[in-house]
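Student: Input structure: structure-v4.cif, which contains mmCIF, C-alpha atoms.
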data_target
#
loop_
_atom_site.group_PDB
_atom_site.id
_atom_site.type_symbol
_atom_site.label_atom_id
_atom_site.label_comp_id
_atom_site.auth_asym_id
_atom_site.auth_seq_id
_atom_site.Cartn_x
_atom_site.Cartn_y
_atom_site.Cartn_z
ATOM 1 C CA MET I 22 122.543 116.688 112.642
ATOM 2 C CA ARG I 23 123.111 115.777 108.993
ATOM 3 C CA VAL I 24 122.295 112.243 107.910
ATOM 4 C CA SER I 25 123.819 111.173 104.608
ATOM 5 C CA GLY I 26 122.604 107.766 103.480
ATOM 6 C CA TRP I 27 125.277 107.552 100.774
ATOM 7 C CA LYS I 28 127.933 106.514 103.260
ATOM 8 C CA TYR I 29 126.087 103.209 103.762
ATOM 9 C CA PRO I 30 126.468 100.210 101.403
ATOM 10 C CA GLU I 31 122.710 99.764 101.038
ATOM 11 C CA ARG I 32 122.455 103.199 99.434
ATOM 12 C CA LYS I 33 124.682 102.063 96.589
ATOM 13 C CA ALA I 34 122.493 98.971 96.283
ATOM 14 C CA PHE I 35 119.437 101.244 96.208
ATOM 15 C CA ALA I 36 120.896 103.193 93.278
ATOM 16 C CA VAL I 37 121.566 99.965 91.373
ATOM 17 C CA THR I 38 118.131 98.480 92.079
ATOM 18 C CA THR I 39 116.408 101.726 91.071
ATOM 19 C CA VAL I 40 118.169 101.693 87.697
ATOM 20 C CA LEU I 41 117.342 97.997 87.272
ATOM 21 C CA VAL I 42 113.661 98.348 88.123
ATOM 22 C CA ALA I 43 113.295 101.354 85.803
ATOM 23 C CA ALA I 44 114.907 99.423 82.939
ATOM 24 C CA ALA I 45 112.923 96.250 83.666
ATOM 25 C CA GLY I 46 109.688 98.213 83.874
ATOM 26 C CA ALA I 47 110.416 99.878 80.557
ATOM 27 C CA VAL I 48 110.731 96.509 78.785
ATOM 28 C CA ARG I 49 107.979 94.872 80.893
ATOM 29 C CA HIS I 50 110.271 92.193 82.300
ATOM 30 C CA ARG I 51 107.976 90.960 85.029
ATOM 31 C CA PRO I 52 110.327 88.588 86.943
ATOM 32 C CA VAL I 53 112.973 91.294 87.392
ATOM 33 C CA VAL I 54 110.407 93.915 88.443
ATOM 34 C CA ALA I 55 108.908 91.461 90.956
ATOM 35 C CA VAL I 56 112.284 90.980 92.663
ATOM 36 C CA VAL I 57 113.950 94.362 92.315
ATOM 37 C CA LYS I 58 111.026 96.693 93.090
ATOM 38 C CA PRO I 59 110.638 95.581 96.730
ATOM 39 C CA ALA I 60 114.417 95.384 97.055
ATOM 40 C CA ALA I 61 114.799 99.092 96.217
ATOM 41 C CA LEU I 62 112.407 100.170 98.966
ATOM 42 C CA GLY I 63 114.013 97.626 101.274
ATOM 43 C CA MET I 64 117.400 99.320 100.854
ATOM 44 C CA LEU I 65 115.864 102.609 101.983
ATOM 45 C CA ALA I 66 114.225 100.843 104.925
ATOM 46 C CA ILE I 67 117.615 99.543 106.085
ATOM 47 C CA THR I 68 118.983 103.079 106.246
ATOM 48 C CA VAL I 69 115.904 104.237 108.158
ATOM 49 C CA ALA I 70 116.310 101.348 110.600
ATOM 50 C CA ARG I 71 119.848 102.486 111.436
ATOM 51 C CA GLY I 72 118.475 105.586 113.140
ATOM 52 C CA THR I 73 115.827 103.895 115.268
ATOM 53 C CA ARG I 74 117.536 104.562 118.616
ATOM 54 C CA ARG I 75 118.153 108.205 117.728
ATOM 55 C CA ARG I 76 114.515 109.050 116.990
ATOM 56 C CA ALA I 77 111.469 109.419 119.215
ATOM 57 C CA PRO I 78 109.164 106.355 119.414
ATOM 58 C CA ALA I 79 106.333 108.243 117.705
ATOM 59 C CA ASP I 80 108.586 109.114 114.763
ATOM 60 C CA ASN I 81 109.709 105.497 114.513
ATOM 61 C CA ALA I 82 106.085 104.285 114.489
ATOM 62 C CA LEU I 83 105.080 106.730 111.757
ATOM 63 C CA LEU I 84 108.147 105.883 109.660
ATOM 64 C CA ALA I 85 107.353 102.173 109.997
ATOM 65 C CA ALA I 86 103.764 102.854 108.903
ATOM 66 C CA THR I 87 105.042 104.790 105.899
ATOM 67 C CA LEU I 88 107.375 101.992 104.825
ATOM 68 C CA ILE I 89 104.848 99.189 105.339
ATOM 69 C CA ALA I 90 102.077 101.038 103.492
ATOM 70 C CA SER I 91 104.481 101.986 100.675
ATOM 71 C CA ALA I 92 105.598 98.363 100.323
ATOM 72 C CA ALA I 93 101.967 97.278 100.065
ATOM 73 C CA GLY I 94 101.302 100.038 97.534
ATOM 74 C CA ASP I 95 104.309 98.930 95.486
ATOM 75 C CA TYR I 96 102.979 95.380 95.403
ATOM 76 C CA PHE I 97 99.541 96.353 94.135
ATOM 77 C CA MET I 98 100.944 98.793 91.577
ATOM 78 C CA TYR I 99 103.198 96.004 90.332
ATOM 79 C CA ARG I 100 100.065 93.863 89.965
ATOM 80 C CA GLU I 101 98.323 96.739 88.177
ATOM 81 C CA GLU I 102 101.104 97.123 85.632
ATOM 82 C CA PHE I 103 100.850 93.502 84.493
ATOM 83 C CA ALA I 104 97.078 93.036 84.861
ATOM 84 C CA ASP I 105 94.280 93.514 82.357
ATOM 85 C CA GLY I 106 90.762 94.941 82.477
ATOM 86 C CA ARG I 107 88.945 94.878 85.807
ATOM 87 C CA GLY I 108 91.987 93.523 87.589
ATOM 88 C CA LYS I 109 93.988 96.572 86.512
ATOM 89 C CA ASP I 110 91.374 98.941 87.943
ATOM 90 C CA ARG I 111 91.041 96.977 91.178
ATOM 91 C CA HIS I 112 94.786 96.918 91.779
ATOM 92 C CA ILE I 113 95.284 100.623 91.093
ATOM 93 C CA GLN I 114 92.556 101.495 93.587
ATOM 94 C CA THR I 115 94.044 99.233 96.245
ATOM 95 C CA GLY I 116 97.535 100.556 95.541
ATOM 96 C CA ALA I 117 96.296 104.154 95.806
ATOM 97 C CA THR I 118 94.650 103.339 99.134
ATOM 98 C CA MET I 119 97.889 101.919 100.502
ATOM 99 C CA PHE I 120 99.894 104.918 99.341
ATOM 100 C CA GLY I 121 97.223 107.179 100.805
ATOM 101 C CA VAL I 122 97.977 105.601 104.181
ATOM 102 C CA ALA I 123 101.690 106.229 103.576
ATOM 103 C CA HIS I 124 101.001 109.896 102.788
ATOM 104 C CA LEU I 125 98.956 110.262 105.967
ATOM 105 C CA ALA I 126 101.890 108.825 107.930
ATOM 106 C CA TYR I 127 104.255 111.290 106.246
ATOM 107 C CA LEU I 128 101.765 114.057 107.040
ATOM 108 C CA GLY I 129 101.736 112.949 110.675
ATOM 109 C CA LEU I 130 105.525 113.159 110.772
ATOM 110 C CA PHE I 131 105.607 116.639 109.262
ATOM 111 C CA SER I 132 102.785 117.900 111.477
ATOM 112 C CA ARG I 133 104.495 116.485 114.554
ATOM 113 C CA HIS I 134 107.428 118.749 113.868
ATOM 114 C CA GLY I 135 105.394 121.875 113.261
ATOM 115 C CA ALA I 136 104.771 121.855 109.501
ATOM 116 C CA ARG I 137 101.447 123.038 108.102
ATOM 117 C CA PRO I 138 100.124 123.318 104.541
ATOM 118 C CA THR I 139 99.324 126.812 103.307
ATOM 119 C CA ARG I 140 97.065 127.975 100.497
ATOM 120 C CA ARG I 141 100.063 129.237 98.526
ATOM 121 C CA ARG I 142 101.638 125.782 98.558
ATOM 122 C CA LEU I 143 98.405 123.834 98.209
ATOM 123 C CA LEU I 144 96.928 125.538 95.143
ATOM 124 C CA PRO I 145 99.590 124.590 92.557
ATOM 125 C CA ARG I 146 99.681 121.020 93.860
ATOM 126 C CA PHE I 147 95.918 120.683 93.711
ATOM 127 C CA ALA I 148 96.093 122.038 90.152
ATOM 128 C CA VAL I 149 98.353 119.150 89.117
ATOM 129 C CA MET I 150 96.063 116.585 90.710
ATOM 130 C CA ASN I 151 93.004 118.281 89.180
ATOM 131 C CA GLU I 152 94.427 117.513 85.746
ATOM 132 C CA VAL I 153 94.520 113.851 86.755
ATOM 133 C CA ALA I 154 90.982 114.131 88.135
ATOM 134 C CA ALA I 155 89.834 115.569 84.791
ATOM 135 C CA LEU I 156 91.320 112.539 83.001
ATOM 136 C CA LEU I 157 89.388 110.245 85.337
ATOM 137 C CA ILE I 158 86.121 112.136 84.826
ATOM 138 C CA LEU I 159 86.505 111.877 81.061
ATOM 139 C CA ASN I 160 87.633 108.256 80.947
ATOM 140 C CA GLN I 161 86.758 106.315 84.122
ATOM 141 C CA PRO I 162 84.653 108.380 86.511
ATOM 142 C CA ARG I 163 83.953 105.371 88.712
ATOM 143 C CA LEU I 164 87.619 105.470 89.831
ATOM 144 C CA LEU I 165 87.370 109.100 90.938
ATOM 145 C CA PRO I 166 86.196 108.548 94.556
ATOM 146 C CA VAL I 167 89.285 106.489 95.421
ATOM 147 C CA LEU I 168 91.895 108.071 93.158
ATOM 148 C CA GLY I 169 90.576 111.599 93.698
ATOM 149 C CA THR I 170 90.808 111.172 97.463
ATOM 150 C CA TYR I 171 94.311 109.790 97.030
ATOM 151 C CA GLY I 172 95.306 112.796 94.914
ATOM 152 C CA ALA I 173 94.059 115.168 97.604
ATOM 153 C CA ALA I 174 96.061 113.342 100.283
ATOM 154 C CA LEU I 175 99.186 113.458 98.116
ATOM 155 C CA SER I 176 98.724 117.178 97.460
ATOM 156 C CA VAL I 177 98.390 117.983 101.156
ATOM 157 C CA MET I 178 101.399 115.817 102.020
ATOM 158 C CA ALA I 179 103.544 117.483 99.346
ATOM 159 C CA ALA I 180 102.462 120.971 100.420
ATOM 160 C CA THR I 181 103.247 120.201 104.058
ATOM 161 C CA ALA I 182 106.646 118.717 103.151
ATOM 162 C CA ALA I 183 107.539 122.084 101.624
ATOM 163 C CA ASP I 184 107.074 123.998 104.893
ATOM 164 C CA PRO I 185 110.370 125.853 105.513
ATOM 165 C CA CYS I 186 110.149 125.073 109.228
ATOM 166 C CA LEU I 187 111.230 121.497 108.486
ATOM 167 C CA SER I 188 114.522 122.511 106.937
ATOM 168 C CA SER I 189 117.611 122.955 109.071
ATOM 169 C CA GLY I 190 118.858 125.754 106.832
ATOM 170 C CA THR I 191 122.063 123.820 106.142
ATOM 171 C CA ARG I 192 122.436 123.305 102.405
ATOM 172 C CA SER I 193 123.756 119.759 102.692
ATOM 173 C CA ASP I 194 121.068 118.557 105.130
ATOM 174 C CA PRO I 195 118.537 116.072 103.681
ATOM 175 C CA THR I 196 115.652 118.142 105.074
ATOM 176 C CA ARG I 197 116.327 120.606 102.245
ATOM 177 C CA ARG I 198 115.080 117.977 99.797
ATOM 178 C CA LEU I 199 111.725 117.245 101.461
ATOM 179 C CA ALA I 200 109.869 119.659 99.183
ATOM 180 C CA THR I 201 111.521 118.120 96.113
ATOM 181 C CA GLY I 202 110.514 114.663 97.331
ATOM 182 C CA GLY I 203 106.870 115.693 97.488
ATOM 183 C CA ILE I 204 106.997 117.228 94.017
ATOM 184 C CA LEU I 205 108.682 114.159 92.511
ATOM 185 C CA PHE I 206 106.020 111.907 94.069
ATOM 186 C CA MET I 207 103.313 114.003 92.394
ATOM 187 C CA LEU I 208 105.206 113.983 89.099
ATOM 188 C CA SER I 209 105.505 110.200 89.172
ATOM 189 C CA ASP I 210 101.787 109.711 89.774
ATOM 190 C CA ALA I 211 100.751 112.335 87.227
ATOM 191 C CA ILE I 212 102.886 110.691 84.521
ATOM 192 C CA LEU I 213 101.437 107.286 85.427
ATOM 193 C CA MET I 214 97.861 108.500 84.974
ATOM 194 C CA ASN I 215 98.611 110.460 81.805
ATOM 195 C CA ARG I 216 100.251 107.372 80.339
ATOM 196 C CA ARG I 217 97.179 105.329 81.196
ATOM 197 C CA TYR I 218 94.834 107.589 79.245
ATOM 198 C CA LEU I 219 96.838 109.707 76.813
ATOM 199 C CA LEU I 220 100.054 108.030 75.713
ATOM 200 C CA ARG I 221 100.113 105.483 72.915
ATOM 201 C CA GLY I 222 102.860 103.358 71.446
ATOM 202 C CA ASN I 223 105.518 101.093 72.904
ATOM 203 C CA LEU I 224 108.270 103.713 73.042
ATOM 204 C CA ALA I 225 106.113 106.242 74.910
ATOM 205 C CA ARG I 226 104.979 103.536 77.319
ATOM 206 C CA ALA I 227 108.545 102.371 77.971
ATOM 207 C CA MET I 228 109.913 105.866 78.544
ATOM 208 C CA SER I 229 107.022 106.875 80.779
ATOM 209 C CA GLU I 230 107.278 103.699 82.899
ATOM 210 C CA ALA I 231 110.997 104.224 83.432
ATOM 211 C CA THR I 232 110.289 107.818 84.458
ATOM 212 C CA VAL I 233 107.442 106.829 86.787
ATOM 213 C CA LEU I 234 109.584 104.289 88.628
ATOM 214 C CA SER I 235 112.766 106.350 88.855
ATOM 215 C CA THR I 236 111.030 109.532 90.056
ATOM 216 C CA TYR I 237 109.018 107.509 92.578
ATOM 217 C CA PHE I 238 112.051 105.911 94.193
ATOM 218 C CA VAL I 239 114.032 109.161 94.242
ATOM 219 C CA ALA I 240 110.999 110.811 95.869
ATOM 220 C CA GLN I 241 110.920 108.149 98.569
ATOM 221 C CA MET I 242 114.649 108.561 99.168
ATOM 222 C CA PHE I 243 114.333 112.345 99.572
ATOM 223 C CA LEU I 244 111.312 112.053 101.875
ATOM 224 C CA LEU I 245 112.712 109.270 104.068
ATOM 225 C CA ASP I 246 116.161 110.818 104.338
ATOM 226 C CA GLY I 247 114.641 114.187 105.172
ATOM 227 C CA VAL I 248 112.327 112.848 107.851
ATOM 228 C CA ASP I 249 115.120 110.716 109.334
ATOM 229 C CA SER I 250 117.423 113.721 109.605
ATOM 230 C CA LEU I 251 114.661 115.922 111.010
ATOM 231 C CA ALA I 252 113.571 113.392 113.622
ATOM 232 C CA ARG I 253 117.130 112.663 114.748
ATOM 233 C CA ARG I 254 118.026 116.324 115.094
ATOM 234 C CA ARG I 255 114.901 117.238 117.022
ATOM 235 C CA HIS I 256 115.145 114.203 119.282
ATOM 236 C CA ALA I 257 118.769 115.028 120.093
ATOM 237 C CA ALA I 258 117.757 118.596 120.904
ATOM 238 C CA GLY I 259 114.882 117.427 123.083
ATOM 239 C CA ILE I 260 112.281 119.194 120.952
ATOM 240 C CA VAL I 261 108.833 117.764 121.570
ATOM 241 C CA ARG I 262 105.701 117.928 119.473
ATOM 242 C CA PRO I 263 104.591 121.555 119.113
ATOM 243 C CA ALA I 264 101.321 122.656 120.668
#
Could you render the structure from this file as structure tokens?

Tutor:
Amino acid sequence: MRVSGWKYPERKAFAVTTVLVAAAGAVRHRPVVAVVKPAALGMLAITVARGTRRRAPADNALLAATLIASAAGDYFMYREEFADGRGKDRHIQTGATMFGVAHLAYLGLFSRHGARPTRRRLLPRFAVMNEVAALLILNQPRLLPVLGTYGAALSVMAATAADPCLSSGTRSDPTRRLATGGILFMLSDAILMNRRYLLRGNLARAMSEATVLSTYFVAQMFLLDGVDSLARRRHAAGIVRPA
């Protein structure tokens, strides 16, 4: 069962709000970011809500947990972007914790449908997050317990999303983009942390912020669409959680 969100009006609104939030973030226009950032995730949530009756209750609960935790993470990362000093560190840790919960919910969804991380998929993803961990050790080691744990959760989620068993095999099915969604999520976070410690200058900051926001929202779209399609198809086929 292929689920294409682009046939719905909210998907067009999602595309517009994603472009707006990326542009507003680049120029640090706080009022626009405050309004448009939650709106972009909200457009994805509307599409997810359309499939509620065609998914198992457990899948619906995990999807709701993912969306709620992601919305909370978005809020605290918005606060982090416009905060200073200790407030910036506090918000990024809280935001990472919320997104960690979202990744665990995604992991629960993938595991429910038979996906497992393997060493071959885990190692390159851990390598990316280890670069971020090295930046933390060199610059702010006190953030490592929270952000390092978050990076590990993200790596495992992304590796599990890439399990071929989740894909229907049909080229046009959204499940084919689950692996890309996980990679884009890692890319967004890695750019964010590299900008925090390595990039200097207004132009570099603007370009990196636009990239962070756009890759993040595309990642969420790929992951949510993929899980929605997977859960609908398996529920329609009567496939239960594997042993």

Student: What are the nearest atom pairs, with distances in Å to one decimal, for all residues of range 194-220 of chain I that come at most 12 Å from range 145-167 of chain I, using all atoms listed in the file, set out by chain and rising residue number as a tab-separated table?

Tutor:
residue	atom	partner	partner_atom	distance
I:Ala200	CA	I:Arg146	CA	11.6
I:Gly203	CA	I:Arg146	CA	9.7
I:Ile204	CA	I:Arg146	CA	8.2
I:Leu205	CA	I:Arg146	CA	11.4
I:Phe206	CA	I:Arg146	CA	11.1
I:Met207	CA	I:Val149	CA	7.9
I:Leu208	CA	I:Val149	CA	8.6
I:Ser209	CA	I:Val149	CA	11.5
I:Asp210	CA	I:Val153	CA	8.9
I:Ala211	CA	I:Val153	CA	6.4
I:Ile212	CA	I:Val153	CA	9.2
I:Leu213	CA	I:Val153	CA	9.6
I:Met214	CA	I:Val153	CA	6.6
I:Asn215	CA	I:Val153	CA	7.3
I:Arg216	CA	I:Leu156	CA	10.7
I:Arg217	CA	I:Leu156	CA	9.5
I:Tyr218	CA	I:Leu156	CA	7.1
I:Leu219	CA	I:Leu156	CA	8.8

Student: Quick one: residues within 12 Å of Ala179 in chain I, all atoms listed in the file, excluding same-chain residues fewer than 3 positions away - as an MDAnalysis selection string?

Tutor: chainID I and resid 124:125 127:128 131 136:139 142:147 149:150 172:176 182:184 198:208 240:241 243:244

Student: Can I get the selection written as a PDB file, in the coordinates of the input, with C-alpha atoms?

Tutor:
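Saved result, again.pdb, follows:
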ATOM      1  CA  HIS I 124     101.001 109.896 102.788  1.00  0.00           C
ATOM      2  CA  LEU I 125      98.956 110.262 105.967  1.00  0.00           C
ATOM      3  CA  TYR I 127     104.255 111.290 106.246  1.00  0.00           C
ATOM      4  CA  LEU I 128     101.765 114.057 107.040  1.00  0.00           C
ATOM      5  CA  PHE I 131     105.607 116.639 109.262  1.00  0.00           C
ATOM      6  CA  ALA I 136     104.771 121.855 109.501  1.00  0.00           C
ATOM      7  CA  ARG I 137     101.447 123.038 108.102  1.00  0.00           C
ATOM      8  CA  PRO I 138     100.124 123.318 104.541  1.00  0.00           C
ATOM      9  CA  THR I 139      99.324 126.812 103.307  1.00  0.00           C
ATOM     10  CA  ARG I 142     101.638 125.782  98.558  1.00  0.00           C
ATOM     11  CA  LEU I 143      98.405 123.834  98.209  1.00  0.00           C
ATOM     12  CA  LEU I 144      96.928 125.538  95.143  1.00  0.00           C
ATOM     13  CA  PRO I 145      99.590 124.590  92.557  1.00  0.00           C
ATOM     14  CA  ARG I 146      99.681 121.020  93.860  1.00  0.00           C
ATOM     15  CA  PHE I 147      95.918 120.683  93.711  1.00  0.00           C
ATOM     16  CA  VAL I 149      98.353 119.150  89.117  1.00  0.00           C
ATOM     17  CA  MET I 150      96.063 116.585  90.710  1.00  0.00           C
ATOM     18  CA  GLY I 172      95.306 112.796  94.914  1.00  0.00           C
ATOM     19  CA  ALA I 173      94.059 115.168  97.604  1.00  0.00           C
ATOM     20  CA  ALA I 174      96.061 113.342 100.283  1.00  0.00           C
ATOM     21  CA  LEU I 175      99.186 113.458  98.116  1.00  0.00           C
ATOM     22  CA  SER I 176      98.724 117.178  97.460  1.00  0.00           C
ATOM     23  CA  ALA I 182     106.646 118.717 103.151  1.00  0.00           C
ATOM     24  CA  ALA I 183     107.539 122.084 101.624  1.00  0.00           C
ATOM     25  CA  ASP I 184     107.074 123.998 104.893  1.00  0.00           C
ATOM     26  CA  ARG I 198     115.080 117.977  99.797  1.00  0.00           C
ATOM     27  CA  LEU I 199     111.725 117.245 101.461  1.00  0.00           C
ATOM     28  CA  ALA I 200     109.869 119.659  99.183  1.00  0.00           C
ATOM     29  CA  THR I 201     111.521 118.120  96.113  1.00  0.00           C
ATOM     30  CA  GLY I 202     110.514 114.663  97.331  1.00  0.00           C
ATOM     31  CA  GLY I 203     106.870 115.693  97.488  1.00  0.00           C
ATOM     32  CA  ILE I 204     106.997 117.228  94.017  1.00  0.00           C
ATOM     33  CA  LEU I 205     108.682 114.159  92.511  1.00  0.00           C
ATOM     34  CA  PHE I 206     106.020 111.907  94.069  1.00  0.00           C
ATOM     35  CA  MET I 207     103.313 114.003  92.394  1.00  0.00           C
ATOM     36  CA  LEU I 208     105.206 113.983  89.099  1.00  0.00           C
ATOM     37  CA  ALA I 240     110.999 110.811  95.869  1.00  0.00           C
ATOM     38  CA  GLN I 241     110.920 108.149  98.569  1.00  0.00           C
ATOM     39  CA  PHE I 243     114.333 112.345  99.572  1.00  0.00           C
ATOM     40  CA  LEU I 244     111.312 112.053 101.875  1.00  0.00           C
TER      41      LEU I 244
END

Student: Please report the interatomic distance between CA of Ser250 in chain I and CA of Phe238 in chain I in Å with one decimal.

Tutor: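 That distance, rounded to one decimal, is 18.1 Å.
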
Student: Determine the nearest neighbour of Thr196 in chain I from the options I:Leu220, I:Gly63, I:Leu251, I:Glu102, counting only C-alpha atoms.

Tutor: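 Once distances to Thr196 in chain I are computed over only C-alpha atoms, the minimum belongs to I:Leu251.
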
Student: Could you check which of I:Gly247, I:Pro59, I:Pro78, I:Gly72 is closest to Phe97 in chain I, using all atoms listed in the file?

Tutor: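 Using all atoms listed in the file, the shortest distance to Phe97 in chain I belongs to I:Pro59.
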
Student: Nearest to Val57 in chain I: which of I:Met242, I:Asp80, I:Thr39, I:Val69 is it, counting all atoms listed in the file?

Tutor: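 Of all the options, I:Thr39 lies closest to Val57 in chain I.
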
Student: In terms of the shortest atom-to-atom distance over all atoms listed in the file, which of I:Ile113, I:Met64, I:Val177, I:Thr118 is closest to Ser132 in chain I?

Tutor: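 Answer, going by the shortest atom-to-atom distance: I:Val177.
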
Student: Considering all atoms listed in the file, return as a ChimeraX atom specification whatever protein or nucleic-acid residues lie within 10 Å of Glu31 in chain I, sequence-local ones (same chain, fewer than 5 positions apart) excluded.

Tutor: /I:26,36-37,61,63-68

Student: When you count only C-alpha atoms, which of these residues is closest to Phe35 in chain I: I:Ala82, I:Ala60, I:Ala123, I:Ala252?

Tutor: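 Of the candidates, the smallest distance to Phe35 in chain I is held by I:Ala60.
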
Student: For Phe103 in chain I, list every protein, DNA or RNA residue within 12 Å, evaluated using all atoms listed in the file, and leave out those in the same chain fewer than 4 positions away; present the list as a ChimeraX atom specification.

Tutor: /I:46,48-52,54-55,96-99,108-110,112-113

Student: Take the residues that were just selected and, keeping C-alpha atoms, output them as a PDB file, keeping the file's coordinate frame.

Tutor:
ATOM      1  CA  GLY I  46     109.688  98.213  83.874  1.00  0.00           C
ATOM      2  CA  VAL I  48     110.731  96.509  78.785  1.00  0.00           C
ATOM      3  CA  ARG I  49     107.979  94.872  80.893  1.00  0.00           C
ATOM      4  CA  HIS I  50     110.271  92.193  82.300  1.00  0.00           C
ATOM      5  CA  ARG I  51     107.976  90.960  85.029  1.00  0.00           C
ATOM      6  CA  PRO I  52     110.327  88.588  86.943  1.00  0.00           C
ATOM      7  CA  VAL I  54     110.407  93.915  88.443  1.00  0.00           C
ATOM      8  CA  ALA I  55     108.908  91.461  90.956  1.00  0.00           C
ATOM      9  CA  TYR I  96     102.979  95.380  95.403  1.00  0.00           C
ATOM     10  CA  PHE I  97      99.541  96.353  94.135  1.00  0.00           C
ATOM     11  CA  MET I  98     100.944  98.793  91.577  1.00  0.00           C
ATOM     12  CA  TYR I  99     103.198  96.004  90.332  1.00  0.00           C
ATOM     13  CA  GLY I 108      91.987  93.523  87.589  1.00  0.00           C
ATOM     14  CA  LYS I 109      93.988  96.572  86.512  1.00  0.00           C
ATOM     15  CA  ASP I 110      91.374  98.941  87.943  1.00  0.00           C
ATOM     16  CA  HIS I 112      94.786  96.918  91.779  1.00  0.00           C
ATOM     17  CA  ILE I 113      95.284 100.623  91.093  1.00  0.00           C
TER      18      ILE I 113
END

Student: To one decimal place, how far is CA of Ser188 in chain I from CA of Ala258 in chain I in Å?

Tutor: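 Going from CA of Ser188 in chain I over to CA of Ala258 in chain I covers 14.9 Å.
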
Student: Mind pulling up the distance from CA of Asp105 in chain I to CA of Ser229 in chain I?

Tutor: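 It comes out at 18.5 Å.
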
Student: Which residues would end up in the selection if the PyMOL selection byres ((chain I and resi 86-94) around 6) were applied here, given that I need the answer as a PDB file with C-alpha atoms, in the coordinates of the input?

Tutor:
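out-v9.pdb, freshly written:
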ATOM      1  CA  LEU I  83     105.080 106.730 111.757  1.00  0.00           C
ATOM      2  CA  LEU I  84     108.147 105.883 109.660  1.00  0.00           C
ATOM      3  CA  ALA I  85     107.353 102.173 109.997  1.00  0.00           C
ATOM      4  CA  ASP I  95     104.309  98.930  95.486  1.00  0.00           C
ATOM      5  CA  TYR I  96     102.979  95.380  95.403  1.00  0.00           C
ATOM      6  CA  PHE I  97      99.541  96.353  94.135  1.00  0.00           C
ATOM      7  CA  GLY I 116      97.535 100.556  95.541  1.00  0.00           C
ATOM      8  CA  MET I 119      97.889 101.919 100.502  1.00  0.00           C
ATOM      9  CA  PHE I 120      99.894 104.918  99.341  1.00  0.00           C
ATOM     10  CA  ALA I 123     101.690 106.229 103.576  1.00  0.00           C
ATOM     11  CA  ALA I 126     101.890 108.825 107.930  1.00  0.00           C
TER      12      ALA I 126
END

Student: (118.6, 111.7, 122.6) in this file's frame - what residues fall within 9 Å of it? Use all atoms listed in the file and give the answer as a ChimeraX atom specification.

Tutor: /I:74-77,253-259
